[in-house]
file structure.txt (compact mmCIF, C-alpha atoms and all ligand atoms)
# COMPACT_ATOMS: atom_id res chain seq x y z
CA MET K 1 18.50 -19.50 -2.71
CA ARG K 2 17.32 -19.87 -6.31
CA LEU K 3 14.29 -18.46 -8.01
CA ASN K 4 11.68 -21.06 -9.04
CA ASN K 5 11.41 -21.27 -12.85
CA VAL K 6 7.73 -20.31 -12.67
CA PHE K 7 8.74 -16.88 -11.37
CA ASP K 8 11.89 -16.35 -13.39
CA ARG K 9 9.94 -14.95 -16.34
CA TYR K 10 8.97 -11.84 -14.36
CA GLU K 11 11.19 -8.78 -14.52
CA LEU K 12 9.43 -6.39 -12.17
CA PHE K 13 8.35 -7.60 -8.73
CA ILE K 14 5.89 -5.35 -6.90
CA VAL K 15 6.04 -6.39 -3.27
CA ASP K 16 3.52 -5.42 -0.60
CA LEU K 17 5.01 -4.82 2.88
CA ASP K 18 2.66 -5.53 5.81
CA GLY K 19 1.97 -9.25 5.92
CA VAL K 20 4.57 -9.99 3.24
CA LEU K 21 7.92 -8.70 4.56
CA TRP K 22 6.84 -8.18 8.17
CA ARG K 23 3.99 -8.17 10.66
CA GLY K 24 4.38 -5.09 12.85
CA ASN K 25 7.94 -5.19 14.17
CA GLU K 26 8.45 -8.86 13.36
CA LEU K 27 10.17 -9.89 10.12
CA ILE K 28 8.65 -12.82 8.23
CA ASP K 29 11.11 -15.71 7.82
CA GLY K 30 13.16 -15.55 4.63
CA SER K 31 11.48 -12.40 3.29
CA ILE K 32 14.50 -10.11 3.30
CA GLU K 33 16.80 -12.83 1.90
CA THR K 34 14.31 -13.30 -0.95
CA ILE K 35 14.30 -9.58 -1.76
CA ASN K 36 18.10 -9.53 -1.77
CA MET K 37 18.17 -12.55 -4.05
CA LEU K 38 15.82 -10.86 -6.54
CA ILE K 39 18.03 -7.75 -6.48
CA SER K 40 21.17 -9.85 -7.02
CA LEU K 41 19.51 -11.51 -10.03
CA GLY K 42 19.02 -8.06 -11.55
CA LYS K 43 15.23 -8.10 -11.16
CA SER K 44 13.50 -4.78 -10.55
CA VAL K 45 11.90 -4.73 -7.12
CA VAL K 46 9.48 -2.09 -5.89
CA PHE K 47 7.70 -1.89 -2.56
CA MET K 48 4.03 -0.98 -2.71
CA THR K 49 1.99 -0.51 0.43
CA ASN K 50 -1.35 0.98 1.38
CA ASN K 51 0.26 1.98 4.68
CA SER K 52 0.50 5.79 4.92
CA THR K 53 2.07 6.12 8.36
CA LYS K 54 5.62 6.49 7.04
CA SER K 55 7.10 8.64 4.29
CA ARG K 56 8.92 6.99 1.40
CA ALA K 57 12.27 8.11 2.86
CA THR K 58 11.42 6.53 6.21
CA TYR K 59 10.46 3.31 4.44
CA VAL K 60 13.88 3.27 2.78
CA ASP K 61 15.50 3.50 6.23
CA THR K 62 13.21 0.78 7.61
CA LEU K 63 13.95 -1.53 4.66
CA LYS K 64 17.69 -0.97 5.02
CA GLU K 65 17.52 -1.65 8.77
CA ALA K 66 15.59 -4.83 8.01
CA GLY K 67 18.54 -5.93 5.83
CA VAL K 68 17.58 -5.02 2.25
CA ASN K 69 20.91 -4.47 0.49
CA GLU K 70 20.03 -1.67 -1.87
CA VAL K 71 16.90 0.41 -1.90
CA TYR K 72 16.06 3.92 -3.10
CA VAL K 73 13.12 6.25 -2.55
CA GLU K 74 12.04 5.70 -6.18
CA GLN K 75 11.36 2.05 -5.36
CA VAL K 76 8.78 2.86 -2.69
CA TYR K 77 5.13 3.49 -3.56
CA ASN K 78 2.87 4.05 -0.59
CA SER K 79 -0.60 5.50 -0.38
CA ALA K 80 0.68 8.72 1.25
CA TYR K 81 2.96 9.40 -1.72
CA ALA K 82 0.26 8.38 -4.20
CA LEU K 83 -2.32 10.66 -2.62
CA ALA K 84 0.15 13.55 -2.57
CA LYS K 85 0.95 12.90 -6.23
CA TYR K 86 -2.75 12.80 -7.12
CA ILE K 87 -3.42 16.09 -5.32
CA SER K 88 -0.41 17.79 -6.92
CA GLU K 89 -1.52 16.68 -10.38
CA THR K 90 -5.18 17.63 -9.99
CA LYS K 91 -5.45 20.58 -7.61
CA LYS K 92 -3.91 23.97 -6.98
CA ARG K 93 -3.85 26.06 -3.80
CA VAL K 94 -4.61 23.22 -1.47
CA ARG K 95 -4.86 23.31 2.29
CA ALA K 96 -5.36 19.84 3.69
CA PHE K 97 -6.59 18.74 7.10
CA ILE K 98 -4.88 15.49 7.94
CA VAL K 99 -6.29 12.60 9.88
CA GLY K 100 -3.15 10.54 9.69
CA GLU K 101 0.45 10.30 10.76
CA GLU K 102 3.80 11.93 10.07
CA GLY K 103 4.42 10.05 6.81
CA LEU K 104 1.28 11.43 5.23
CA ARG K 105 2.04 14.99 6.32
CA ARG K 106 5.60 14.69 4.98
CA GLU K 107 4.57 13.42 1.54
CA LEU K 108 1.92 16.15 1.18
CA GLU K 109 4.40 18.86 2.13
CA LEU K 110 6.97 17.49 -0.33
CA VAL K 111 4.59 18.33 -3.18
CA GLY K 112 3.80 21.75 -1.75
CA VAL K 113 0.47 21.07 -0.06
CA LYS K 114 -0.17 23.19 3.04
CA THR K 115 -1.17 20.94 5.90
CA VAL K 116 -3.14 21.36 9.08
CA CYS K 117 -2.91 18.65 11.71
CA LYS K 118 -4.20 20.27 14.89
CA PRO K 119 -7.95 19.60 15.20
CA TYR K 120 -9.34 23.06 16.00
CA LEU K 121 -13.00 23.44 15.10
CA ASN K 122 -12.44 26.80 13.36
CA ILE K 123 -9.65 25.71 10.96
CA LYS K 124 -10.02 26.23 7.23
CA ALA K 125 -9.10 23.51 4.76
CA ASN K 126 -10.39 22.60 1.31
CA ILE K 127 -9.37 18.94 1.43
CA VAL K 128 -9.65 16.34 4.18
CA VAL K 129 -7.17 13.48 3.80
CA VAL K 130 -7.56 10.34 5.86
CA GLY K 131 -5.04 7.59 6.54
CA LEU K 132 -4.15 5.32 9.43
CA ASP K 133 -3.83 7.43 12.57
CA ARG K 134 -2.79 5.64 15.73
CA LYS K 135 -3.32 8.81 17.73
CA LEU K 136 -6.86 9.29 16.49
CA THR K 137 -9.16 11.29 18.74
CA TYR K 138 -12.87 12.01 18.68
CA ARG K 139 -11.98 15.66 18.03
CA LYS K 140 -10.07 14.80 14.84
CA ILE K 141 -13.07 12.88 13.51
CA ALA K 142 -15.34 15.78 14.46
CA VAL K 143 -13.19 18.36 12.63
CA ALA K 144 -12.91 16.14 9.53
CA VAL K 145 -16.67 15.65 9.46
CA LYS K 146 -17.34 19.37 9.94
CA LEU K 147 -15.03 20.29 7.06
CA ILE K 148 -16.52 17.67 4.74
CA MET K 149 -20.05 18.83 5.58
CA GLU K 150 -18.96 22.40 4.79
CA GLY K 151 -17.83 21.28 1.32
CA SER K 152 -14.19 20.15 1.61
CA LYS K 153 -13.02 17.42 -0.74
CA TYR K 154 -12.64 14.06 1.00
CA TYR K 155 -9.76 11.77 0.03
CA ALA K 156 -8.55 8.55 1.67
CA CYS K 157 -5.22 6.77 1.57
CA ASN K 158 -6.90 3.38 1.67
CA THR K 159 -9.91 1.60 3.08
CA ASP K 160 -8.23 -1.51 4.54
CA ALA K 161 -10.39 -2.79 7.38
CA THR K 162 -7.41 -4.20 9.26
CA ILE K 163 -3.64 -4.23 9.39
CA PRO K 164 -1.66 -7.36 10.38
CA LEU K 165 0.56 -6.78 13.43
CA GLU K 166 2.76 -9.16 15.41
CA TYR K 167 -0.13 -10.04 17.79
CA GLY K 168 -2.87 -10.34 15.15
CA LEU K 169 -5.16 -7.95 13.26
CA ALA K 170 -5.56 -4.31 14.30
CA PRO K 171 -7.96 -1.66 12.90
CA GLY K 172 -6.77 -0.21 9.59
CA ALA K 173 -7.36 3.15 7.91
CA GLY K 174 -10.68 1.82 6.59
CA SER K 175 -12.13 1.76 10.08
CA ILE K 176 -11.32 5.48 10.45
CA VAL K 177 -12.70 6.29 6.98
CA SER K 178 -15.90 4.44 7.97
CA ALA K 179 -16.37 6.58 11.07
CA ILE K 180 -15.96 9.78 9.06
CA SER K 181 -18.18 8.54 6.23
CA THR K 182 -20.90 7.43 8.65
CA ALA K 183 -21.01 10.80 10.37
CA SER K 184 -20.68 12.98 7.26
CA GLY K 185 -22.88 10.87 4.99
CA ARG K 186 -20.20 11.09 2.30
CA GLU K 187 -17.77 8.57 0.86
CA PRO K 188 -14.19 9.48 -0.15
CA GLU K 189 -14.02 10.94 -3.67
CA PHE K 190 -10.61 9.40 -4.26
CA ILE K 191 -8.86 6.44 -2.65
CA ALA K 192 -5.15 6.23 -3.43
CA GLY K 193 -4.40 2.71 -2.24
CA LYS K 194 -5.11 -0.73 -3.65
CA PRO K 195 -7.54 -2.05 -4.97
CA ASN K 196 -7.45 1.23 -6.90
CA THR K 197 -4.80 0.77 -9.59
CA TYR K 198 -3.41 4.28 -9.13
CA MET K 199 -0.15 3.18 -7.45
CA ILE K 200 0.39 0.40 -10.01
CA ASP K 201 -0.24 2.89 -12.83
CA LEU K 202 2.32 5.30 -11.33
CA CYS K 203 4.80 2.45 -11.01
CA LEU K 204 4.30 1.19 -14.57
CA ARG K 205 4.68 4.75 -15.81
CA ASP K 206 8.08 4.91 -14.06
CA TYR K 207 9.28 1.40 -14.96
CA ASN K 208 9.07 0.57 -18.60
CA VAL K 209 8.22 -3.13 -18.34
CA GLU K 210 5.60 -5.09 -20.31
CA ARG K 211 2.62 -6.04 -18.15
CA GLU K 212 3.16 -9.79 -18.72
CA LYS K 213 6.50 -9.45 -16.99
CA VAL K 214 5.17 -7.82 -13.83
CA LEU K 215 4.21 -9.79 -10.71
CA LEU K 216 2.52 -8.27 -7.66
CA ILE K 217 2.98 -10.16 -4.39
CA GLY K 218 0.59 -9.36 -1.56
CA ASP K 219 -1.38 -10.79 1.36
CA ARG K 220 -4.88 -9.37 0.75
CA LEU K 221 -7.42 -10.61 -1.78
CA ASP K 222 -9.58 -7.47 -1.54
CA THR K 223 -6.72 -5.04 -2.18
CA ASP K 224 -3.51 -6.55 -3.60
CA ILE K 225 -4.98 -9.29 -5.76
CA LYS K 226 -7.95 -7.20 -6.87
CA ALA K 227 -5.68 -4.31 -7.87
CA ALA K 228 -3.37 -6.62 -9.84
CA ARG K 229 -6.33 -8.11 -11.68
CA ARG K 230 -7.73 -4.68 -12.51
CA ALA K 231 -4.32 -3.53 -13.75
CA GLY K 232 -3.90 -6.63 -15.91
CA ILE K 233 -0.81 -7.98 -14.17
CA ASP K 234 -0.14 -11.36 -12.53
CA SER K 235 -0.31 -11.77 -8.79
CA ALA K 236 0.86 -14.10 -6.03
CA LEU K 237 -1.01 -14.32 -2.75
CA VAL K 238 1.04 -15.10 0.38
CA LEU K 239 -0.47 -16.64 3.50
CA THR K 240 1.73 -14.79 5.98
CA GLY K 241 -0.62 -11.83 6.45
CA VAL K 242 -4.35 -11.26 6.52
CA THR K 243 -5.54 -14.15 4.30
CA ARG K 244 -5.92 -17.63 5.81
CA ILE K 245 -5.98 -20.86 3.86
CA GLU K 246 -9.71 -21.30 4.72
CA ASP K 247 -10.47 -17.99 2.95
CA LEU K 248 -9.45 -19.52 -0.37
CA LYS K 249 -12.53 -21.58 -1.18
CA ASN K 250 -14.54 -20.67 -4.28
CA LEU K 251 -12.62 -17.52 -5.08
CA GLU K 252 -14.33 -15.39 -7.68
CA ASN K 253 -11.15 -13.60 -8.63
CA PRO K 254 -8.26 -15.88 -7.74
CA PRO K 255 -4.67 -14.74 -7.77
CA THR K 256 -2.39 -16.17 -10.43
CA TYR K 257 -0.48 -18.07 -7.72
CA ILE K 258 -0.97 -18.90 -4.07
CA ILE K 259 2.25 -19.32 -2.12
CA LYS K 260 2.94 -19.92 1.55
CA SER K 261 5.29 -16.99 1.98
CA LEU K 262 7.46 -14.66 -0.09
CA SER K 263 10.40 -17.06 0.17
CA SER K 264 8.27 -19.74 -1.54
CA ILE K 265 9.17 -18.13 -4.87
CA CYS K 266 12.56 -19.75 -4.29
CA SER K 267 11.18 -23.17 -3.47
CA THR K 268 11.63 -25.79 -6.18
CA ALA K 269 8.13 -27.04 -5.39
CA LYS K 270 5.27 -25.80 -7.55
CA PRO K 271 3.25 -22.92 -6.08
CA LEU K 272 0.56 -24.13 -3.67
CA ARG K 273 -2.13 -23.59 -6.27
CA TYR K 274 -1.50 -22.40 -9.71
CA TYR K 275 -4.09 -20.94 -12.02
CA SER K 276 -2.71 -20.83 -15.51
MG MG I 1 -0.35 -6.28 3.17

call {"tool": "encode", "arguments": {"input": "structure.txt", "output": "structure tokens", "more": "lines below"}}
Ligand SMILES: [Mg+2]
result
Amino acid sequence: MRLNNVFDRYELFIVDLDGVLWRGNELIDGSIETINMLISLGKSVVFMTNNSTKSRATYVDTLKEAGVNEVYVEQVYNSAYALAKYISETKKRVRAFIVGEEGLRRELELVGVKTVCKPYLNIKANIVVVGLDRKLTYRKIAVAVKLIMEGSKYYACNTDATIPLEYGLAPGAGSIVSAISTASGREPEFIAGKPNTYMIDLCLRDYNVEREKVLLIGDRLDTDIKAARRAGIDSALVLTGVTRIEDLKNLENPPTYIIKSLSSICSTAKPLRYYS
């Protein structure tokens, strides 16, 4: 495997996970080999996902199990970590009610946020945080809505409508946020995930690389590519996730490159479409 010359000028590769490395439990062909090649070339690689179901440490284990040679917690930026970071930098004495999974709870507790997960109607919390929750119940939505209506802050990990799994698209955190917003009449005051640039900003603060030398690779136009554009970095859209080739007509905000899959950055062929 060799890196195509077009991509060799980048030093920091920000790689989305769902729809780029894998779909659910299924690895995408050549994705892990491509990551290992970038690492062996001495490129900086970070993993940036809107998915909040796992903690950063669990993502490290998952990436290692998938075959990534070397990966550390500092290379993982997910919306659970980003939201925890945001709360720790902006608020004190926080008690958060979580509509979300273990990864979100873990990241919040790592920064000292007290968390409540059990949906009792009489609980007290001054922030409601919402991420993907595959054990969502009506009661959880009801408690979140009650707290928000009583004046709690309302933060979301992301508003992705869907998430690509091995069998197709499944509801994403955005569908849960919508339910809570519809009932409460309020929208989240802060959204940690892409297309917000917060995770990219955190990453660029940690990695001292000029913006022209940063490439974000993702599968969603409305999150990955939009965030890259807002942050002023180049982007490559892969077609192994949510976006289909028929979605690419008359794009208002095209990515810098469109490639079939992550491993296409090693192909000697030119990227599928290339906007210079
Ligand atoms: Mg994705």

call {"tool": "residues_near_ligand", "arguments": {"input": "structure.txt", "ligand": "ligand MG 1 (chain I)", "cutoff": "9 Å", "atoms": "all atoms listed in the file", "output": "tab-separated table (two decimals) with C-alpha atoms, in the coordinates of the input"}}
result
chain	number	residue	atom	x	y	z
K	16	ASP	CA	3.52	-5.42	-0.60
K	17	LEU	CA	5.01	-4.82	2.88
K	18	ASP	CA	2.66	-5.53	5.81
K	19	GLY	CA	1.97	-9.25	5.92
K	20	VAL	CA	4.57	-9.99	3.24
K	21	LEU	CA	7.92	-8.70	4.56
K	22	TRP	CA	6.84	-8.18	8.17
K	23	ARG	CA	3.99	-8.17	10.66
K	49	THR	CA	1.99	-0.51	0.43
K	50	ASN	CA	-1.35	0.98	1.38
K	51	ASN	CA	0.26	1.98	4.68
K	163	ILE	CA	-3.64	-4.23	9.39
K	164	PRO	CA	-1.66	-7.36	10.38
K	218	GLY	CA	0.59	-9.36	-1.56
K	219	ASP	CA	-1.38	-10.79	1.36
K	220	ARG	CA	-4.88	-9.37	0.75
K	223	THR	CA	-6.72	-5.04	-2.18
K	224	ASP	CA	-3.51	-6.55	-3.60
K	241	GLY	CA	-0.62	-11.83	6.45
K	242	VAL	CA	-4.35	-11.26	6.52

call {"tool": "closest_residue", "arguments": {"input": "structure.txt", "among": "K:Glu189, K:Glu65, K:Glu107, K:Glu252", "to": "K:Ile148", "atoms": "all atoms listed in the file"}}
result
K:Glu189

call {"tool": "closest_residue", "arguments": {"input": "structure.txt", "among": "K:Ser79, K:Ser261, K:Thr115, K:Asn122", "to": "K:Asn196", "atoms": "only C-alpha atoms"}}
result
K:Ser79

call {"tool": "atom_distance", "arguments": {"input": "structure.txt", "atom1": "atom CA of K:Tyr155", "atom2": "atom CA of K:Gln75"}}
result
23.9 Å

call {"tool": "atom_distance", "arguments": {"input": "structure.txt", "atom1": "atom CA of K:Tyr198", "atom2": "atom CA of K:Asn158"}}
result
11.4 Å

call {"tool": "closest_residue", "arguments": {"input": "structure.txt", "among": "K:Val238, K:Ile32, K:Val76, K:Met1", "to": "K:Ile200", "atoms": "all atoms listed in the file"}}
result
K:Val76

call {"tool": "closest_residue", "arguments": {"input": "structure.txt", "among": "K:Ile35, K:Val129, K:Ala84, K:Leu215", "to": "K:Ile176", "atoms": "only C-alpha atoms"}}
result
K:Val129

call {"tool": "atom_distance", "arguments": {"input": "structure.txt", "atom1": "atom CA of K:Val130", "atom2": "atom CA of K:Val15"}}
result
23.4 Å

call {"tool": "residues_near_point", "arguments": {"input": "structure.txt", "point": "(0.8, 1.3, -12.7)", "cutoff": "12 Å", "atoms": "all atoms listed in the file", "output": "PyMOL selection string"}}
result
chain K and resi 12+14+46+48+77+82+193-211+214-216+227-233

call {"tool": "closest_residue", "arguments": {"input": "structure.txt", "among": "K:Leu121, K:Val128, K:Ile39, K:Leu169", "to": "K:Ser184", "atoms": "all atoms listed in the file"}}
result
K:Val128

call {"tool": "closest_residue", "arguments": {"input": "structure.txt", "among": "K:Val113, K:Ala142, K:Leu262, K:Ala183", "to": "K:Glu89", "atoms": "all atoms listed in the file"}}
result
K:Val113
